[in-house]
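Step one of this worksheet: look at the structure below.
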Amino acid sequence: MPEQQQPVFAYPCDEILARHPDKIKGEDILEIKGGWYGLPEAPRLWNDTVVAFLRREGFSQSVVDRGLFYHETKDLYVNLYVDDALLMGPAESREWIKDTLSTEFKMKLLGIARQFVGLQIEYTDDGIVIHQTNYAHKIVDMFLPPNSRPVATPIAPNTHIGTEPLPSDDEWEHSPERKLPYRQVVGSLLSLATGTRPDLLYPTKEL
């Protein structure tokens with residue numbers, strides 16, 4: 001249930017002034033009333049606005065995850081990530097918060113969640129499965145040669161990367177690893193490991 005263009009609904013607490021755009025004639029100084037996209041203050045203004053609204057409606061904000069809100073009376077969770085919201089609770093409570101939010105913010109309702117901030121969500125008879133299969137395949141396609149063989153474990157036992165002697169300058173110059181975007185690989189693996197694949201944390205740490 002993403003909210004569209006939300007920072008325009010957030011109001012700055014400090015005076016923000018701007019000049020006319022180049023194509024508009026005039027010497028007057030403009031005062032910006034809303035937290036428009038592009039302003040350095042916009043993300044914080046939007047967060048302050050929506051958090052204050054949810055608190056007024058009786059939600060408590062988690063001290064562990066500041067994007068998670070809980071309404072004890074209605075047994076309702078709202079998981080907020082910038083302008084995407086995931087609702088969890090009884091059907092009556094979900095309808096209440098949809099109606100309540102729509103009085104203040106322009107929203108687009110997407111129905112049952114199948115994906116949220118890169119996480120895939122599947123519903124089975126045994127419960128809910130959250131995974132990042134598509135993202136994992138994307139990483140493989142980006143960084144591994146075609147037809148690479150799968151392995152049973154993320155890293156061989158007792159492997160410590162970096163203990164081997166460094167290659168010579170000539171060896172490194174002709175090494176295929178030289179063209180590997182190392183930081184991008186590590187960042188992609190770290191995102192996967194901290195999401196749904198904790199088994200990748202150790203090999204990613206070794207990298």
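The way I read the labels, and the way they are meant: chains A, B, ... in the order of the structure tokens, residue 1 as the first residue of every chain, and ligand 1 as the first ligand shown, with later ones counted on from there.
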
Handout entry: Within 12 Å of Glu92 (chain A) using only C-alpha atoms, minus same-chain residues under 5 positions, as a ChimeraX atom specification
Key = /A:74-76,87,97-99

Please write the residues from the selection above to a file, keeping C-alpha atoms, as a PDB file, in the first residue's frame.
```pdb
ATOM      1  CA  LYS A  74      -7.018  -3.005  17.384  1.00  0.00           C
ATOM      2  CA  ASP A  75      -4.190  -5.595  17.381  1.00  0.00           C
ATOM      3  CA  LEU A  76      -2.811  -3.982  14.236  1.00  0.00           C
ATOM      4  CA  LEU A  87      -0.610  -3.773   7.200  1.00  0.00           C
ATOM      5  CA  ILE A  97      -6.447   2.161   9.144  1.00  0.00           C
ATOM      6  CA  LYS A  98      -6.936   2.330   5.356  1.00  0.00           C
ATOM      7  CA  ASP A  99      -9.867   4.704   5.833  1.00  0.00           C
TER       8      ASP A  99
END
```

Practice task
Write out as a ChimeraX atom specification which residues come within 12 Å of region 128-142 of chain A when counting only C-alpha atoms, dropping same-chain ones fewer than 2 positions away.
Solution key: /A:113-126,144-150,180-181,184-198,200

Exercise for the section: Pull the alpha helix (DSSP H) assignments for region 36-175 of chain A out of DSSP run on the backbone, and list those residues as a VMD selection string. Expected result: chain A and resid 42 to 56 91 to 102 133 to 143 169 to 173

File of the preceding selection, C-alpha atoms, as a short mmCIF file (atom, residue, chain, number, x, y, z; two decimals), in the first residue's frame:
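Result written to selection38.cif:
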```cif
data_model
loop_
_atom_site.label_atom_id
_atom_site.label_comp_id
_atom_site.auth_asym_id
_atom_site.auth_seq_id
_atom_site.Cartn_x
_atom_site.Cartn_y
_atom_site.Cartn_z
CA ALA A 42 12.02 16.29 2.72
CA PRO A 43 12.74 12.74 4.00
CA ARG A 44 12.86 13.82 7.64
CA LEU A 45 9.77 16.01 7.27
CA TRP A 46 7.81 13.15 5.75
CA ASN A 47 8.92 10.75 8.49
CA ASP A 48 8.01 13.22 11.24
CA THR A 49 4.61 13.85 9.62
CA VAL A 50 3.55 10.22 9.25
CA VAL A 51 4.94 9.17 12.66
CA ALA A 52 3.05 11.99 14.38
CA PHE A 53 -0.14 10.98 12.54
CA LEU A 54 0.12 7.32 13.56
CA ARG A 55 0.83 8.24 17.17
CA ARG A 56 -2.24 10.47 17.25
CA ALA A 91 -9.61 -7.45 8.51
CA GLU A 92 -11.72 -4.92 10.40
CA SER A 93 -8.62 -3.19 11.79
CA ARG A 94 -6.98 -3.10 8.37
CA GLU A 95 -10.03 -1.44 6.85
CA TRP A 96 -10.05 1.10 9.69
CA ILE A 97 -6.45 2.16 9.14
CA LYS A 98 -6.94 2.33 5.36
CA ASP A 99 -9.87 4.70 5.83
CA THR A 100 -7.99 6.68 8.48
CA LEU A 101 -4.83 7.11 6.39
CA SER A 102 -6.80 8.05 3.28
CA THR A 133 14.96 -15.70 -4.79
CA ASN A 134 14.65 -13.14 -7.58
CA TYR A 135 17.35 -10.97 -6.03
CA ALA A 136 19.67 -13.96 -5.57
CA HIS A 137 19.23 -14.91 -9.23
CA LYS A 138 19.95 -11.33 -10.22
CA ILE A 139 23.24 -11.39 -8.29
CA VAL A 140 24.24 -14.66 -9.95
CA ASP A 141 23.44 -13.32 -13.41
CA MET A 142 25.37 -10.10 -12.75
CA PHE A 143 28.59 -11.48 -11.30
CA ASP A 169 51.54 -7.21 -10.74
CA ASP A 170 51.70 -9.09 -14.04
CA GLU A 171 49.48 -11.91 -12.75
CA TRP A 172 46.96 -9.42 -11.40
CA GLU A 173 46.96 -7.47 -14.67
#
```

Problem - Every residue of region 64-173 of chain A that DSSP places in strand (DSSP E), as a PyMOL selection string - result: chain A and resi 68-71+76-81+84-88+115-116+119-124+127-131

Mind dumping the selected residues with N, CA and C atoms as a PDB file, in the first residue's frame?
```
ATOM      1  N   LEU A  68       8.288   0.226  12.553  1.00  0.00           N
ATOM      2  CA  LEU A  68       7.210  -0.678  12.943  1.00  0.00           C
ATOM      3  C   LEU A  68       6.335  -0.022  14.003  1.00  0.00           C
ATOM      4  N   PHE A  69       5.011  -0.047  13.766  1.00  0.00           N
ATOM      5  CA  PHE A  69       4.047   0.580  14.669  1.00  0.00           C
ATOM      6  C   PHE A  69       2.982  -0.450  15.047  1.00  0.00           C
ATOM      7  N   TYR A  70       2.508  -0.361  16.306  1.00  0.00           N
ATOM      8  CA  TYR A  70       1.518  -1.327  16.790  1.00  0.00           C
ATOM      9  C   TYR A  70       0.394  -0.602  17.503  1.00  0.00           C
ATOM     10  N   HIS A  71      -0.845  -0.986  17.170  1.00  0.00           N
ATOM     11  CA  HIS A  71      -2.035  -0.456  17.842  1.00  0.00           C
ATOM     12  C   HIS A  71      -2.583  -1.568  18.729  1.00  0.00           C
ATOM     13  N   LEU A  76      -3.169  -4.309  15.615  1.00  0.00           N
ATOM     14  CA  LEU A  76      -2.811  -3.982  14.236  1.00  0.00           C
ATOM     15  C   LEU A  76      -1.361  -3.509  14.155  1.00  0.00           C
ATOM     16  N   TYR A  77      -0.623  -4.065  13.205  1.00  0.00           N
ATOM     17  CA  TYR A  77       0.746  -3.631  12.925  1.00  0.00           C
ATOM     18  C   TYR A  77       0.781  -2.852  11.614  1.00  0.00           C
ATOM     19  N   VAL A  78       1.574  -1.799  11.600  1.00  0.00           N
ATOM     20  CA  VAL A  78       1.878  -1.071  10.370  1.00  0.00           C
ATOM     21  C   VAL A  78       3.392  -1.042  10.228  1.00  0.00           C
ATOM     22  N   ASN A  79       3.885  -1.635   9.159  1.00  0.00           N
ATOM     23  CA  ASN A  79       5.319  -1.627   8.868  1.00  0.00           C
ATOM     24  C   ASN A  79       5.556  -0.592   7.782  1.00  0.00           C
ATOM     25  N   LEU A  80       6.266   0.470   8.115  1.00  0.00           N
ATOM     26  CA  LEU A  80       6.438   1.604   7.209  1.00  0.00           C
ATOM     27  C   LEU A  80       7.880   1.675   6.731  1.00  0.00           C
ATOM     28  N   TYR A  81       8.054   1.748   5.414  1.00  0.00           N
ATOM     29  CA  TYR A  81       9.376   1.942   4.826  1.00  0.00           C
ATOM     30  C   TYR A  81       9.267   3.101   3.845  1.00  0.00           C
ATOM     31  N   ASP A  84       6.108   3.249   1.623  1.00  0.00           N
ATOM     32  CA  ASP A  84       5.455   1.953   1.451  1.00  0.00           C
ATOM     33  C   ASP A  84       5.008   1.460   2.823  1.00  0.00           C
ATOM     34  N   ALA A  85       3.781   0.959   2.900  1.00  0.00           N
ATOM     35  CA  ALA A  85       3.260   0.485   4.183  1.00  0.00           C
ATOM     36  C   ALA A  85       2.705  -0.924   4.031  1.00  0.00           C
ATOM     37  N   LEU A  86       3.002  -1.765   5.013  1.00  0.00           N
ATOM     38  CA  LEU A  86       2.500  -3.129   5.064  1.00  0.00           C
ATOM     39  C   LEU A  86       1.614  -3.247   6.299  1.00  0.00           C
ATOM     40  N   LEU A  87       0.358  -3.684   6.107  1.00  0.00           N
ATOM     41  CA  LEU A  87      -0.610  -3.773   7.200  1.00  0.00           C
ATOM     42  C   LEU A  87      -0.783  -5.225   7.616  1.00  0.00           C
ATOM     43  N   MET A  88      -0.766  -5.484   8.937  1.00  0.00           N
ATOM     44  CA  MET A  88      -0.926  -6.836   9.461  1.00  0.00           C
ATOM     45  C   MET A  88      -1.861  -6.798  10.659  1.00  0.00           C
ATOM     46  N   GLN A 115       5.175  -8.710  -2.490  1.00  0.00           N
ATOM     47  CA  GLN A 115       6.551  -8.237  -2.438  1.00  0.00           C
ATOM     48  C   GLN A 115       6.593  -6.959  -1.619  1.00  0.00           C
ATOM     49  N   PHE A 116       7.643  -6.813  -0.817  1.00  0.00           N
ATOM     50  CA  PHE A 116       7.776  -5.625   0.027  1.00  0.00           C
ATOM     51  C   PHE A 116       9.252  -5.339   0.229  1.00  0.00           C
ATOM     52  N   LEU A 119      11.644  -8.006  -0.644  1.00  0.00           N
ATOM     53  CA  LEU A 119      11.355  -9.328  -0.098  1.00  0.00           C
ATOM     54  C   LEU A 119      10.150  -9.922  -0.817  1.00  0.00           C
ATOM     55  N   GLN A 120      10.262 -11.177  -1.239  1.00  0.00           N
ATOM     56  CA  GLN A 120       9.130 -11.882  -1.832  1.00  0.00           C
ATOM     57  C   GLN A 120       8.351 -12.585  -0.730  1.00  0.00           C
ATOM     58  N   ILE A 121       7.032 -12.525  -0.826  1.00  0.00           N
ATOM     59  CA  ILE A 121       6.160 -13.086   0.209  1.00  0.00           C
ATOM     60  C   ILE A 121       5.253 -14.128  -0.427  1.00  0.00           C
ATOM     61  N   GLU A 122       5.308 -15.353   0.079  1.00  0.00           N
ATOM     62  CA  GLU A 122       4.461 -16.433  -0.414  1.00  0.00           C
ATOM     63  C   GLU A 122       3.635 -16.992   0.737  1.00  0.00           C
ATOM     64  N   TYR A 123       2.409 -17.384   0.425  1.00  0.00           N
ATOM     65  CA  TYR A 123       1.478 -17.895   1.426  1.00  0.00           C
ATOM     66  C   TYR A 123       1.245 -19.385   1.168  1.00  0.00           C
ATOM     67  N   THR A 124       1.491 -20.199   2.183  1.00  0.00           N
ATOM     68  CA  THR A 124       1.313 -21.643   2.067  1.00  0.00           C
ATOM     69  C   THR A 124       0.356 -22.121   3.154  1.00  0.00           C
ATOM     70  N   GLY A 127       2.013 -21.620   6.539  1.00  0.00           N
ATOM     71  CA  GLY A 127       2.349 -20.287   7.029  1.00  0.00           C
ATOM     72  C   GLY A 127       2.783 -19.372   5.901  1.00  0.00           C
ATOM     73  N   ILE A 128       3.665 -18.443   6.222  1.00  0.00           N
ATOM     74  CA  ILE A 128       4.148 -17.448   5.264  1.00  0.00           C
ATOM     75  C   ILE A 128       5.647 -17.648   5.053  1.00  0.00           C
ATOM     76  N   VAL A 129       6.061 -17.657   3.812  1.00  0.00           N
ATOM     77  CA  VAL A 129       7.470 -17.810   3.457  1.00  0.00           C
ATOM     78  C   VAL A 129       7.970 -16.488   2.876  1.00  0.00           C
ATOM     79  N   ILE A 130       9.047 -15.967   3.450  1.00  0.00           N
ATOM     80  CA  ILE A 130       9.662 -14.730   2.968  1.00  0.00           C
ATOM     81  C   ILE A 130      11.043 -15.075   2.422  1.00  0.00           C
ATOM     82  N   HIS A 131      11.305 -14.685   1.194  1.00  0.00           N
ATOM     83  CA  HIS A 131      12.575 -15.039   0.562  1.00  0.00           C
ATOM     84  C   HIS A 131      12.981 -13.956  -0.435  1.00  0.00           C
TER      85      HIS A 131
END
```
